[in-house]
Every structure is written in C-alpha cells, then in structure tokens.
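In what follows, a structure is listed as structure tokens, so that the remarks can point back to it.
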Amino acid sequence: MKKRLLAIITSFVLLFAVGCSTSKETTVTDREGNEVTIPTKIEKIITTAPSNTEVLVGLDVADKLVAVDTYSEGIEGLDKEVPKMDMNNPDAEVIIALEPDIIIASGYNKIGSAEDPYKAIVEAGIPVVYIPSSDSIEGIYKDIEFIASIVNEEKKGEEIITDMKEKISKYEELGKTIKDKKKVYFEIGPSPNLFSFGHSTFLNEMVEVIGAENVFADQESWFAPTEEAILDANPDVILTKVDYVENPTEEILARNGWDNIRAVKNGDVYYIDANSAARGNQNIIKALDEMAKAVYPDVYGK
C-alpha cells in the first residue's frame with residue numbers, strides 16, 4: 001500500500017514538475033518565420049547587430065545584455081564593459097559560456113555564410129531568433145514590437161512605436177504639400193564601388209515621406225548603380241551616409257565628370273548620420289529629420 005501511495009505521489013510530483021517546466025517556456029515565430037522556443041522570463045541577452053542593441057536600449061533593458069557585436073561599440077546607454085564580439089564569426093564556446101537566455105540575431109549575420117553561423121549554439125540549447133533587415137517603416141515597427149514582446153516590455157515597445165508614428169506623420173503632412181518634388185540620389189557606397197537603393201527599402205520610404213523622389217525608385221532594394229545612370233538621373237540633391245572616407249561630401253563634389261549634375265553645380269550635397277540611416281529602428285527619426293532639412297530647408301527648417 002505504501003509503495004503504491006509513493007508511486008502515486010511521485011507521479012503527481014513529476015506531472016507538476018513537467019507543468020512548471022512547460023510554463024517557463026513559450027514558442028514564438030521570429031521575424032524570419034522560424035518557430036523558436038524561448039524562456040518566458042529573459043534575464044541574459046546577446047545581440048548580434050547594433051540595430052537590435054539600440055532597440056533593447058530604448059526598451060530600458062540594456063542591463064540584461066551580456067554581450068553584443070563589435071558595431072554596437074559607442075551606443076549611448078550601453079554599458080561600456082559589455083563584451084564586444086565578431087558576431088558574423090561567433091565563437092560558440094565563448095557565447096555558450098556566457099549562458100544567455102536568448103540571442104537576438106540579424107539577417108546580416110548570414111551574409112557570406114554557407115550555413116547558419118549560430119547552428120552550434122542552437123544545438124547547445126540556446127534559442128536564437130532572427131530579425132532580417134526590414135524593407136519598410138512598417139517592418140521596423142513590427143521588429144520593435146517583436147523584440148519588446150520577447151523581453152516582456154510590450155508597453156514600452158508600444159510607446160516607442162506610437163512616438164515614431166506621431167513624428168513621421170508630421171513630416172508626411174508637410175511632404176504632401178510639396179508640389180515641385182526634388183530628385184534625390186542617396187549614396188550608400190562611394191566611388192568606385194557605388195551603392196544605393198530603390199523601392200522596397202525603408203530609406204526609399206523616408207525620401208518619399210519628406211516629399212522628394214528617389215532617382216532610383218524604379219530599382220528594387222539595394223543595388224549598385226552605374227556612374228552613367230547617376231549622371232543621366234541628374235539629381236537635384238545628393239545625400240550620403242558614407243562615414244569611412246575623409247570629407248564624403250567634398251569627395252562627391254570633386255568627382256571627375258560630376259560637375260554637370262544639378263546637385264553638384266548648386267553645392268546641394270549633404271551628409272546624413274550613418275548610424276541612424278543604416279539601422280532600422282526608432283532612431284531613423286534622426287536621419288529623417290536631417291534628410292528633410294537638407295532637401296527642403298525652407299519647408300522643414302535648417
């Protein structure tokens with residue numbers, strides 16, 4: 001009788017333990033479409049891209065970061081002592097030793113890799129969620145919403161998104177009043193390896209929000225335009241976010257054969273903050289403001 005009673009009690013204990021274990025995990029669908037089981041309570045986070053690090057800082061959970069990528073160096077609000085790593089070639093042993101509850105990865109981490117660079121880490125039992133580069137402002141909202149949900153900061157995430165929408169709507173209202181739209185060429189990569197973007201990018205949407213036209217709006221996503229195509233487009237304004245050459249605006253103004261471009265003739269070549277223009281998160285508002293004032297100073301102020 002005692003053995004039977006003990007067996008019953010043991011069964012209840014095991015069922016209770018399983019129930020408790022299950023309640024501590026949940027399954028989410030990440031922004032890449034993968035189903036991932038993650039802890040319901042997350043205390044230790046690793047991010048692999050500055051765009052996601054900035055979202056976590058904005059959500060006031062920077063204190064939970066135990067490691068970040070090297071490009072997150074210098075982000076305001078991030079503890080300077082947090083380890084910085086090359087997240088495109090992650091050291092699985094070092095990462096596993098940190099015992100993170102979750103890794104928030106970027107689609108950029110897979111570029112140039114034949115297989116998932118975090119495969120060994122996933123196999124070690126650490127959940128990895130992926131956030132590809134969003135191709136729209138709406139996509140950025142969803143990225144923030146997703147990250148907020150997995151760190152249990154839904155309310156703060158909603159506040160960030162609402163603030164973004166309110167600010168963007170003000171630029172949109174003014175942008176709609178502009179009849180004579182200026183043509184803009186936005187340079188992502190400098191000569192001789194020119195790089196820009198077309199539609200299906202959040203930067204293209206930002207150009208449209210301020211009431212301008214991207215000279216390459218007929219192209220898709222990120223691409224490499226020819227110099228001849230830029231000369232033929234004859235933009236009214238040239239914007240650049242290149243920050244790894246000396247005096248990027250002066251470099252553009254001094255290019256051979258570009259002196260007949262309207263923007264170059266008039267000196268309408270401007271630098272836009274590289275980080276806020278490149279990282280798809282709440283900080284695109286800074287780039288949007290700089291773009292608006294550069295293209296239409298009489299409308300948006302200098």
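By convention in this document, the chains of the structure tokens carry letters A, B, ... by their order, each chain's residues are numbered from 1, and ligands are numbered from 1 in the order they are shown.
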Would you mind listing what lies within 7 Å of region 173-180 of chain A as a ChimeraX atom specification, with only C-alpha atoms counted and same-chain residues fewer than 3 positions away left out?
/A:169-170,209-211
Enumerate the residues of region 184-267 of chain A with a DSSP assignment of strand (DSSP E or B), computed from the backbone, and present them as a count of residues only.
18
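For the atom pair formed by CA of Ile261 (chain A) and CA of Ile285 (chain A), the distance is 28.6 Å, given to one decimal.
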With the cut-off set at 12 Å and counting only C-alpha atoms, tabulate each residue of region 39-116 of chain A with an atom at most that distance from an atom of region 29-32 of chain A, showing the nearest atom pair and its distance in Å to one decimal, ordered by chain and increasing number, as CSV.
residue,atom,partner,partner_atom,distance
A:Ile103,CA,A:Asp30,CA,11.7
A:Ile104,CA,A:Asp30,CA,9.6
A:Ala105,CA,A:Asp30,CA,10.2
A:Ser106,CA,A:Glu32,CA,9.5
A:Gly107,CA,A:Glu32,CA,8.3
Print the selection's residues with N, CA and C atoms to a file, as a CSV table (one decimal), in the first residue's frame.
chain,number,residue,atom,x,y,z
A,103,ILE,N,19.5,34.7,-27.9
A,103,ILE,CA,20.4,35.5,-28.8
A,103,ILE,C,19.4,36.1,-29.8
A,104,ILE,N,19.5,37.4,-29.9
A,104,ILE,CA,18.7,38.2,-30.9
A,104,ILE,C,19.7,38.5,-32.1
A,105,ALA,N,19.5,37.7,-33.2
A,105,ALA,CA,20.4,37.8,-34.3
A,105,ALA,C,19.8,38.6,-35.5
A,106,SER,N,20.7,38.9,-36.4
A,106,SER,CA,20.3,39.7,-37.6
A,106,SER,C,20.5,38.9,-38.8
A,107,GLY,N,19.7,39.2,-39.9
A,107,GLY,CA,19.9,38.6,-41.1
A,107,GLY,C,21.2,38.8,-41.7
As a check of understanding: the span from CA of Glu145 (chain A) to CA of Asp63 (chain A) is 19.4 Å
